[in-house]
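Have a look at data-v5.txt; it's compact mmCIF, C-alpha atoms:
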# COMPACT_ATOMS: atom_id res chain seq x y z
CA MET P 1 0.00 0.00 0.00
CA VAL P 2 1.39 3.41 -1.01
CA ASN P 3 2.22 5.65 1.92
CA GLU P 4 0.70 9.12 1.34
CA LYS P 5 3.47 10.81 3.29
CA VAL P 6 6.09 9.06 1.13
CA GLN P 7 4.28 10.24 -2.01
CA GLU P 8 4.27 13.77 -0.70
CA MET P 9 7.98 13.63 0.05
CA LEU P 10 8.74 12.20 -3.41
CA LYS P 11 7.05 15.00 -5.35
CA GLY P 12 9.47 16.32 -7.91
CA LYS P 13 11.87 13.44 -7.24
CA ALA P 14 10.55 10.89 -9.72
CA GLU P 15 13.88 10.94 -11.49
CA LEU P 16 15.61 9.67 -8.36
CA VAL P 17 13.10 6.82 -8.10
CA GLN P 18 13.67 5.91 -11.74
CA ARG P 19 17.40 5.89 -11.11
CA LYS P 20 16.79 3.42 -8.28
CA TYR P 21 14.67 1.28 -10.60
CA SER P 22 17.54 1.29 -13.05
CA GLN P 23 19.99 0.16 -10.37
CA PHE P 24 17.74 -2.73 -9.42
CA ALA P 25 17.21 -3.64 -13.09
CA GLN P 26 20.95 -3.74 -13.78
CA LYS P 27 21.23 -6.29 -10.98
CA GLY P 28 18.30 -8.27 -12.38
CA ASN P 29 16.29 -7.68 -9.22
CA LEU P 30 12.64 -7.45 -10.24
CA TRP P 31 11.46 -8.17 -6.70
CA GLU P 32 13.07 -4.94 -5.41
CA ILE P 33 11.53 -2.99 -8.31
CA ASN P 34 8.05 -4.27 -7.46
CA SER P 35 8.61 -3.52 -3.80
CA LEU P 36 9.55 0.08 -4.61
CA VAL P 37 6.54 0.45 -6.91
CA ARG P 38 4.25 -0.62 -4.07
CA GLN P 39 5.84 1.89 -1.72
CA THR P 40 6.00 4.90 -4.06
CA GLY P 41 3.19 4.35 -6.54
CA ILE P 42 5.57 5.43 -9.34
CA ALA P 43 5.61 3.21 -12.42
CA PRO P 44 9.09 2.13 -13.60
CA GLN P 45 10.38 3.35 -16.97
CA LEU P 46 12.87 0.68 -18.00
CA SER P 47 15.16 0.66 -21.03
CA ASP P 48 15.30 -2.21 -23.49
CA GLN P 49 18.64 -3.26 -22.06
CA GLU P 50 17.25 -3.29 -18.54
CA LEU P 51 14.25 -5.32 -19.65
CA SER P 52 16.62 -7.82 -21.30
CA ILE P 53 18.55 -8.24 -18.04
CA LEU P 54 15.30 -8.71 -16.11
CA TYR P 55 14.02 -11.32 -18.61
CA LEU P 56 17.20 -13.36 -18.14
CA SER P 57 17.20 -13.09 -14.34
CA SER P 58 13.51 -13.99 -14.25
CA ALA P 59 14.14 -17.05 -16.42
CA LYS P 60 16.62 -18.31 -13.84
CA ALA P 61 14.16 -17.89 -10.98
CA ASP P 62 12.05 -20.66 -9.49
CA SER P 63 9.53 -21.70 -12.15
CA SER P 64 6.37 -20.51 -10.38
CA GLU P 65 8.04 -17.14 -9.71
CA ALA P 66 9.36 -17.02 -13.28
CA VAL P 67 5.85 -17.33 -14.72
CA ASN P 68 4.67 -14.23 -12.86
CA SER P 69 7.84 -12.24 -13.55
CA ILE P 70 7.95 -12.90 -17.29
CA LYS P 71 4.23 -12.16 -17.58
CA GLN P 72 4.80 -8.83 -15.83
CA LEU P 73 7.70 -7.89 -18.10
CA GLN P 74 5.74 -8.81 -21.21
CA THR P 75 2.83 -6.72 -19.98
CA LEU P 76 5.16 -3.72 -19.56
CA GLU P 77 6.29 -4.17 -23.15
CA GLN P 78 2.79 -4.64 -24.52
CA GLU P 79 1.59 -1.45 -22.86
CA ARG P 80 4.30 0.49 -24.69
CA HIS P 81 4.32 -1.28 -28.04
CA GLU P 82 0.68 -1.88 -29.00
CA GLY P 83 0.46 -5.38 -27.58
CA LYS P 84 3.87 -6.50 -28.88
CA THR P 85 6.99 -7.66 -27.04
CA PRO P 86 9.95 -6.50 -29.15
CA VAL P 87 12.55 -6.88 -26.38
CA PHE P 88 11.47 -10.41 -25.52
CA ASP P 89 11.34 -11.37 -29.21
CA SER P 90 14.87 -10.08 -29.82
CA LEU P 91 16.53 -11.84 -26.86
CA ASP P 92 19.52 -14.06 -27.60
CA ARG P 93 17.62 -17.35 -27.73
CA ARG P 94 20.58 -19.50 -26.76
CA GLU P 95 21.29 -17.37 -23.71
CA PHE P 96 17.63 -17.17 -22.74
CA GLU P 97 17.06 -20.92 -23.12
CA ALA P 98 20.15 -21.63 -20.99
CA ALA P 99 18.73 -19.32 -18.30
CA MET P 100 15.38 -21.08 -18.53
CA GLN P 101 16.95 -24.52 -18.08
CA GLU P 102 18.84 -23.20 -15.06
CA GLY P 103 15.55 -22.04 -13.57
CA TYR P 104 13.81 -25.33 -14.35
CA ALA P 105 16.64 -27.29 -12.70
CA GLU P 106 16.60 -25.03 -9.65
CA ALA P 107 12.85 -25.53 -9.23
CA ILE P 108 13.20 -29.32 -9.21
CA ALA P 109 16.28 -29.32 -6.98
CA ARG P 110 14.70 -27.00 -4.42
CA ASP P 111 10.98 -27.81 -4.48
CA TRP P 112 9.60 -31.23 -3.52
CA SER P 113 6.17 -30.44 -4.95
CA VAL P 114 7.00 -29.51 -8.55
CA GLU P 115 3.87 -29.39 -10.70
CA LYS P 116 3.31 -30.01 -14.38
CA LYS P 117 0.92 -27.07 -14.69
CA VAL P 118 3.68 -24.64 -13.69
CA PHE P 119 6.13 -26.06 -16.22
CA ASP P 120 3.43 -26.09 -18.90
CA ALA P 121 2.57 -22.45 -18.17
CA LEU P 122 6.21 -21.44 -18.46
CA LYS P 123 6.62 -23.35 -21.72
CA SER P 124 3.47 -21.71 -23.13
CA LEU P 125 4.73 -18.29 -22.08
CA THR P 126 8.30 -18.62 -23.37
CA GLY P 127 8.28 -21.44 -25.91
CA VAL P 128 11.03 -23.21 -23.92
CA SER P 129 10.27 -26.62 -22.46
CA ILE P 130 12.33 -28.30 -19.76
CA SER P 131 15.20 -30.43 -21.05
CA LYS P 132 16.23 -33.91 -19.98
CA GLU P 133 19.65 -32.50 -19.05
CA ALA P 134 18.09 -29.95 -16.69
CA VAL P 135 16.05 -32.64 -14.95
CA GLN P 136 19.14 -34.84 -14.59
CA GLU P 137 21.14 -31.94 -13.18
CA ALA P 138 18.44 -31.22 -10.61
CA ILE P 139 18.13 -34.84 -9.50
CA ASP P 140 21.90 -35.15 -9.15
CA LYS P 141 22.06 -31.93 -7.14
CA LYS P 142 19.37 -33.12 -4.76
CA PHE P 143 21.00 -36.53 -4.46
CA LYS P 144 24.44 -35.06 -3.68
CA ALA P 145 22.86 -33.14 -0.82
CA GLN P 146 21.80 -36.56 0.56
CA ASN P 147 18.13 -35.69 0.41
CA ILE P 148 15.78 -38.61 0.83
CA LEU P 149 14.72 -39.59 -2.65
CA GLY P 150 12.44 -42.49 -3.47
CA ASN P 151 9.77 -43.68 -5.87
CA TRP P 152 7.39 -40.93 -4.77
CA TYR P 153 9.91 -38.26 -5.74
CA PHE P 154 10.90 -39.86 -9.04
CA ASN P 155 7.27 -40.44 -10.00
CA LYS P 156 6.51 -36.80 -9.20
CA ILE P 157 9.36 -35.67 -11.46
CA LYS P 158 8.17 -37.95 -14.25
CA GLU P 159 4.62 -36.62 -13.93
CA ALA P 160 5.81 -33.00 -14.03
CA THR P 161 8.43 -33.32 -16.77
CA GLY P 162 7.82 -36.54 -18.69
CA PHE P 163 11.33 -37.79 -17.86
CA ASP P 164 11.80 -40.98 -15.85
CA LEU P 165 15.31 -40.47 -14.48
CA ARG P 166 17.53 -41.51 -11.58
CA PRO P 167 20.80 -40.04 -10.30
CA THR P 168 23.74 -40.45 -12.69
CA LEU P 169 25.43 -43.85 -12.37
CA SER P 170 28.93 -42.40 -11.86
CA LEU P 171 27.60 -40.05 -9.16
CA VAL P 172 25.93 -42.94 -7.32
CA GLN P 173 29.14 -44.99 -7.37
CA LYS P 174 31.10 -41.96 -6.15
CA MET P 175 28.72 -41.56 -3.22
CA TYR P 176 29.18 -45.24 -2.35
CA ARG P 177 32.97 -44.71 -2.42
CA ASP P 178 32.74 -41.56 -0.31
CA CYS P 179 30.63 -43.28 2.33
CA LEU P 180 33.09 -46.16 2.55
CA ALA P 181 36.07 -43.80 2.76
CA LYS P 182 34.50 -41.81 5.61
CA GLU P 183 33.37 -44.82 7.61
CA SER P 184 36.58 -45.31 9.58
CA ILE P 185 36.70 -41.58 10.37
CA ILE P 186 33.17 -40.69 11.46
CA GLY P 187 31.32 -44.03 11.59
CA GLN P 188 27.79 -44.74 10.34
CA SER P 189 28.56 -43.58 6.77
CA LEU P 190 28.24 -47.07 5.35
CA PHE P 191 24.67 -47.27 6.58
CA PHE P 192 23.80 -44.62 3.99
CA TRP P 193 24.43 -47.35 1.38
CA GLU P 194 21.05 -48.91 2.09
CA TYR P 195 19.30 -45.63 1.35
CA ILE P 196 21.33 -45.16 -1.85
CA ALA P 197 20.52 -48.66 -3.10
CA LYS P 198 16.81 -48.36 -2.32
CA ALA P 199 16.45 -44.80 -3.60
CA THR P 200 18.23 -45.31 -6.93
CA GLY P 201 17.90 -49.00 -7.70
CA ILE P 202 21.66 -48.90 -8.39
CA LYS P 203 23.94 -51.23 -6.45
CA PRO P 204 27.57 -50.51 -5.64
CA SER P 205 30.14 -52.06 -7.91
CA GLU P 206 31.34 -55.58 -7.09
CA GLU P 207 34.71 -54.16 -6.01
CA LEU P 208 33.15 -51.66 -3.59
CA ALA P 209 30.82 -54.27 -2.11
CA GLN P 210 33.75 -56.60 -1.37
CA LYS P 211 35.65 -53.72 0.26
CA ALA P 212 32.66 -53.00 2.49
CA TYR P 213 32.43 -56.66 3.51
CA ARG P 214 36.15 -56.71 4.37
CA PHE P 215 35.71 -53.52 6.40
CA PHE P 216 32.96 -55.13 8.50
CA LEU P 217 35.06 -58.27 8.89
CA ARG P 218 38.04 -56.26 10.20
CA LYS P 219 35.70 -54.62 12.71
CA ASN P 220 34.23 -58.03 13.62
CA GLN P 221 30.81 -56.66 12.66
CA THR P 222 29.38 -59.91 11.32
CA TYR P 223 25.78 -58.81 11.80
CA ASN P 224 26.27 -55.75 9.59
CA LEU P 225 28.18 -57.79 7.02
CA MET P 226 25.32 -60.26 6.69
CA ARG P 227 22.72 -57.51 6.56
CA PHE P 228 24.59 -55.82 3.72
CA VAL P 229 24.82 -59.10 1.81
CA GLU P 230 21.06 -59.41 2.16
CA PHE P 231 20.02 -55.97 0.88
CA LEU P 232 22.77 -55.60 -1.73
CA GLY P 233 22.30 -59.08 -3.16
CA ILE P 234 26.05 -59.21 -3.93
CA LYS P 235 27.74 -62.34 -2.59
CA PRO P 236 31.05 -61.97 -0.73
CA LYS P 237 34.11 -63.75 -2.08
CA GLU P 238 34.66 -67.20 -0.60
CA ASP P 239 37.64 -66.18 1.54
CA ILE P 240 35.50 -63.46 3.13
CA VAL P 241 32.73 -65.96 3.84
CA GLN P 242 35.13 -68.44 5.43
CA GLU P 243 36.64 -65.71 7.60
CA THR P 244 33.12 -64.72 8.60
CA TYR P 245 32.44 -68.28 9.73
CA LEU P 246 35.56 -68.05 11.89
CA ALA P 247 34.36 -64.74 13.33
CA LEU P 248 30.98 -66.37 14.06
CA SER P 249 32.50 -69.22 16.07
CA GLY P 250 31.18 -67.49 19.18
CA ASP P 251 27.66 -67.64 17.74
CA SER P 252 27.58 -70.67 15.48
CA THR P 253 23.79 -70.52 15.32
CA LYS P 254 24.39 -68.03 12.48
CA PHE P 255 26.24 -70.55 10.31
CA LYS P 256 23.11 -71.70 8.52
CA GLU P 257 21.96 -68.15 7.84
CA LEU P 258 25.35 -67.25 6.37
CA GLU P 259 25.32 -70.34 4.17
CA GLU P 260 21.84 -69.49 2.87
CA LEU P 261 22.90 -65.89 2.12
CA THR P 262 26.11 -66.79 0.31
CA GLY P 263 25.70 -70.35 -0.94
CA VAL P 264 29.10 -71.16 0.61
CA LYS P 265 29.47 -73.93 3.20
CA PRO P 266 31.99 -73.58 6.02
CA ARG P 267 35.18 -75.60 5.55
CA GLU P 268 35.40 -78.66 7.82
CA GLU P 269 38.51 -77.40 9.60
CA ILE P 270 36.55 -74.27 10.56
CA ILE P 271 33.69 -76.38 11.87
CA HIS P 272 36.06 -78.54 13.96
CA LYS P 273 37.80 -75.44 15.31
CA THR P 274 34.40 -74.06 16.27
CA TYR P 275 33.55 -77.30 18.09
CA SER P 276 36.79 -76.93 20.08
CA ASP P 277 36.02 -73.30 20.87
CA ILE P 278 32.52 -74.20 22.05
CA VAL P 279 33.71 -76.96 24.39
CA GLY P 280 36.14 -74.49 25.96
CA LYS P 281 33.34 -72.07 26.83
CA LYS P 282 32.21 -71.72 30.43
CA ASP P 283 28.80 -70.14 29.84
CA SER P 284 25.63 -72.03 30.65
CA ILE P 285 24.49 -72.80 27.10
CA TRP P 286 27.70 -74.02 25.42
CA ALA P 287 26.17 -77.49 25.00
CA PHE P 288 23.31 -75.94 23.00
CA TYR P 289 25.80 -74.34 20.59
CA PHE P 290 27.71 -77.63 20.29
CA ARG P 291 24.57 -79.55 19.35
CA THR P 292 23.19 -76.78 17.10
CA LEU P 293 26.43 -76.63 15.10
CA PHE P 294 26.07 -80.32 14.30
CA GLU P 295 22.41 -79.85 13.32
CA GLN P 296 23.29 -76.92 11.03
CA THR P 297 26.35 -78.40 9.32
CA GLY P 298 25.86 -82.17 9.51
CA VAL P 299 29.57 -82.48 10.33
CA MET P 300 30.22 -84.84 13.23
CA PRO P 301 32.68 -83.51 15.81
CA ALA P 302 35.73 -85.63 16.65
CA GLU P 303 34.90 -88.34 19.16
CA ASN P 304 37.39 -87.01 21.71
CA LEU P 305 35.56 -83.66 21.63
CA VAL P 306 32.22 -85.37 22.21
CA GLN P 307 33.68 -87.30 25.15
CA GLY P 308 35.12 -84.04 26.45
CA ALA P 309 31.71 -82.43 26.11
CA TYR P 310 30.08 -85.29 28.03
CA ALA P 311 32.64 -84.90 30.82
CA ALA P 312 32.19 -81.12 30.92
CA CYS P 313 28.41 -81.48 31.33
CA ILE P 314 28.87 -83.94 34.18
CA LYS P 315 31.42 -81.72 35.96
CA GLU P 316 28.92 -78.85 35.73
CA GLY P 317 26.14 -81.07 37.05
CA ARG P 318 24.18 -80.52 33.83
CA PHE P 319 22.77 -83.97 33.15
CA ASP P 320 20.12 -82.50 30.86
CA GLY P 321 22.92 -81.17 28.67
CA PHE P 322 24.60 -84.57 28.74
CA ASN P 323 21.34 -86.22 27.61
CA GLU P 324 20.91 -83.69 24.77
CA LEU P 325 24.43 -84.33 23.51
CA TYR P 326 24.03 -88.09 23.67
CA ALA P 327 20.70 -87.87 21.79
CA ALA P 328 22.39 -85.78 19.08
CA PHE P 329 25.63 -87.77 18.57
CA LYS P 330 24.75 -91.33 19.68
CA ILE P 331 28.34 -91.89 20.86
CA GLU P 332 28.68 -94.11 23.90
CA PRO P 333 30.33 -92.41 26.88
CA SER P 334 33.89 -93.63 27.46
CA ALA P 335 35.16 -95.27 30.61
CA GLU P 336 36.80 -91.97 31.51
CA VAL P 337 33.45 -90.20 31.29
CA GLY P 338 32.05 -92.88 33.61
CA LYS P 339 34.81 -92.20 36.13
CA THR P 340 34.08 -88.48 35.88
CA LEU P 341 30.47 -89.24 36.80
CA GLU P 342 31.56 -91.33 39.80
CA ARG P 343 33.89 -88.59 41.06
CA HIS P 344 31.17 -85.93 40.63
CA LEU P 345 28.68 -87.99 42.63
CA ALA P 346 31.25 -88.73 45.34
CA GLU P 347 32.08 -85.08 45.97
As structure tokens, please, write out the structure in this file.
Amino acid sequence: MVNEKVQEMLKGKAELVQRKYSQFAQKGNLWEINSLVRQTGIAPQLSDQELSILYLSSAKADSSEAVNSIKQLQTLEQERHEGKTPVFDSLDRREFEAAMQEGYAEAIARDWSVEKKVFDALKSLTGVSISKEAVQEAIDKKFKAQNILGNWYFNKIKEATGFDLRPTLSLVQKMYRDCLAKESIIGQSLFFWEYIAKATGIKPSEELAQKAYRFFLRKNQTYNLMRFVEFLGIKPKEDIVQETYLALSGDSTKFKELEELTGVKPREEIIHKTYSDIVGKKDSIWAFYFRTLFEQTGVMPAENLVQGAYAACIKEGRFDGFNELYAAFKIEPSAEVGKTLERHLAE
């Protein structure tokens, strides 16, 4: 709303206001021009050069804002030139189209709710439709900022522009590499891989996946390793799988799950080492792990280990564990196990 006192103070100073309009126009700032118009009530008198600058700056603006700005500039021209737009018609088309594509890309990169009607209105007004390259640029920009992209977003872009695109393949692989490189410094970066894979439908390269698996193995993070195998669908190399079995010797109940994920069975020497490790445990459920390992792998432990397991159960007074082991392995207790029972009962 025009302030009457301001109007009174500006009497005879219209030239100064026009000079201010010119300054704003040279900077391509149509918003400031409109703001000054509202405050002074004085219409701007812009040169052809200034209008050209404003057309280009308006083209680079967010698409919904660009529609209003270009309409306003064309109206200014039409009022002066009997309904024609000579400045707009004489713009360098290559430069103007480049500015338009910049504005289109900015709208997609910044606004989650881009709408086809806005893009259609801008195309109708200027004759310039959004390019595939501009859409790709915008998607890549949003992706690099680690915004959460998914099917909803990509479907919205397709609906608004007609282009069904995803982030550039090389950019996706670079983001995978960057996450892996930062993991040992800040932690948690590798967990962004799951978002990347789900958002883009693009998996990391085989080489990167194997590096991630080896990273988890070095950190003894077997759970994370197996989870990554599951959502990436990329099988670890056999040596990684065998090392993972070794790392899982403390929780051999995961052997079957790892075999199902990778299709790789544990080597027998690893299974026998795991049996030895289990027998040496002092926790209350070691016998369960011993029996479960046999059920999962079908590999019979060495008889001396079974006898040792029998004796350990008896020493701990866990006859239920002894019975479970005997039911699983069907190996008759040795004379030494019998003596162990006698000594336990005599204590």
Note to self: Using all atoms listed in the file, list the residues that have an atom at most 9 Å from (3.0, -30.7, -9.2), coordinates as in the file, as number ranges by chain.
What the structure shows: P: 112-119, 156-157, 159-160
Selected residues written out with C-alpha atoms, as a JSON list (two decimals), in the coordinates of the input:
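Result written to out26.json:
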[["chain", "number", "residue", "atom", "x", "y", "z"],
["P", 112, "TRP", "CA", 9.60, -31.23, -3.52],
["P", 113, "SER", "CA", 6.17, -30.44, -4.95],
["P", 114, "VAL", "CA", 7.00, -29.51, -8.55],
["P", 115, "GLU", "CA", 3.87, -29.39, -10.70],
["P", 116, "LYS", "CA", 3.31, -30.01, -14.38],
["P", 117, "LYS", "CA", 0.92, -27.07, -14.69],
["P", 118, "VAL", "CA", 3.68, -24.64, -13.69],
["P", 119, "PHE", "CA", 6.13, -26.06, -16.22],
["P", 156, "LYS", "CA", 6.51, -36.80, -9.20],
["P", 157, "ILE", "CA", 9.36, -35.67, -11.46],
["P", 159, "GLU", "CA", 4.62, -36.62, -13.93],
["P", 160, "ALA", "CA", 5.81, -33.00, -14.03]]
Notebook entry, point to check: Hey, what's within 10 Å of P:Arg19 if we count all atoms listed in the file and toss same-chain stuff fewer than 5 positions away? As a PyMOL selection string, please?
Noted result: chain P and resi 14+24-25+44-46
Notebook entry, point to check: Nearest to P:Leu217: which of P:Tyr245, P:Trp286, P:Tyr104, P:Phe255 is it, counting all atoms listed in the file?
Noted result: P:Tyr245
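Using all atoms listed in the file, the contacts of stretch 86-97 of chain P at a cut-off of 9 Å, with sequence neighbours closer than 2 positions omitted, comprise Asp48, Gln49, Leu51, Ser52, Tyr55, Leu56, Ala59, Leu73, Gln74, Glu77, Gln78, His81, Lys84, Ala99, Met100, Gln101, Glu102, Val128 and Ser129 of chain P.
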Next item on the list: Do a neighbour search on P:Phe294 at 9 Å with all atoms listed in the file, toss out local chain neighbours closer than 4 positions, and write the hits as a list in words.
Entry: Ile271, Tyr275, Tyr289, Phe290, Gly298, Val299, Met300, Pro301, Ala328 and Phe329 of chain P
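Around P:Asp111, within 12 Å and counting only C-alpha atoms, the residues found are Asp62, Ser63, Ser64, Gly103, Tyr104, Ala105, Glu106, Ala138, Ile139, Lys142, Asn147, Tyr153, Lys156 and Ile157 of chain P, once anything fewer than 5 positions away on its own chain is removed.
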Okay, now the selection with C-alpha atoms, as a PDB file, in the frame of the given file?
ATOM      1  CA  ASP P  62      12.050 -20.660  -9.490  1.00  0.00           C
ATOM      2  CA  SER P  63       9.530 -21.700 -12.150  1.00  0.00           C
ATOM      3  CA  SER P  64       6.370 -20.510 -10.380  1.00  0.00           C
ATOM      4  CA  GLY P 103      15.550 -22.040 -13.570  1.00  0.00           C
ATOM      5  CA  TYR P 104      13.810 -25.330 -14.350  1.00  0.00           C
ATOM      6  CA  ALA P 105      16.640 -27.290 -12.700  1.00  0.00           C
ATOM      7  CA  GLU P 106      16.600 -25.030  -9.650  1.00  0.00           C
ATOM      8  CA  ALA P 138      18.440 -31.220 -10.610  1.00  0.00           C
ATOM      9  CA  ILE P 139      18.130 -34.840  -9.500  1.00  0.00           C
ATOM     10  CA  LYS P 142      19.370 -33.120  -4.760  1.00  0.00           C
ATOM     11  CA  ASN P 147      18.130 -35.690   0.410  1.00  0.00           C
ATOM     12  CA  TYR P 153       9.910 -38.260  -5.740  1.00  0.00           C
ATOM     13  CA  LYS P 156       6.510 -36.800  -9.200  1.00  0.00           C
ATOM     14  CA  ILE P 157       9.360 -35.670 -11.460  1.00  0.00           C
TER      15      ILE P 157
END
Item checked: Atomic separation - atom CA of P:Lys141 relative to atom CA of P:Leu190, Å -> 20.6 Å
Check: In Å, with one decimal, what is the gap from atom CA of P:Ile33 to atom CA of P:Ala134?
Finding: 29.0 Å
Next item on the list: Please measure the separation of atom CA of P:Asn29 and atom CA of P:Glu50, giving the value in Å to one decimal.
Entry: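 About the pair atom CA of P:Asn29 and atom CA of P:Glu50: they are 10.3 Å apart.
The shell of residues at most 9 Å from P:Lys315, with only C-alpha atoms counted and near chain neighbours (fewer than 5 positions) removed, consists of Tyr310, Thr340, Leu341, Arg343 and His344 of chain P.
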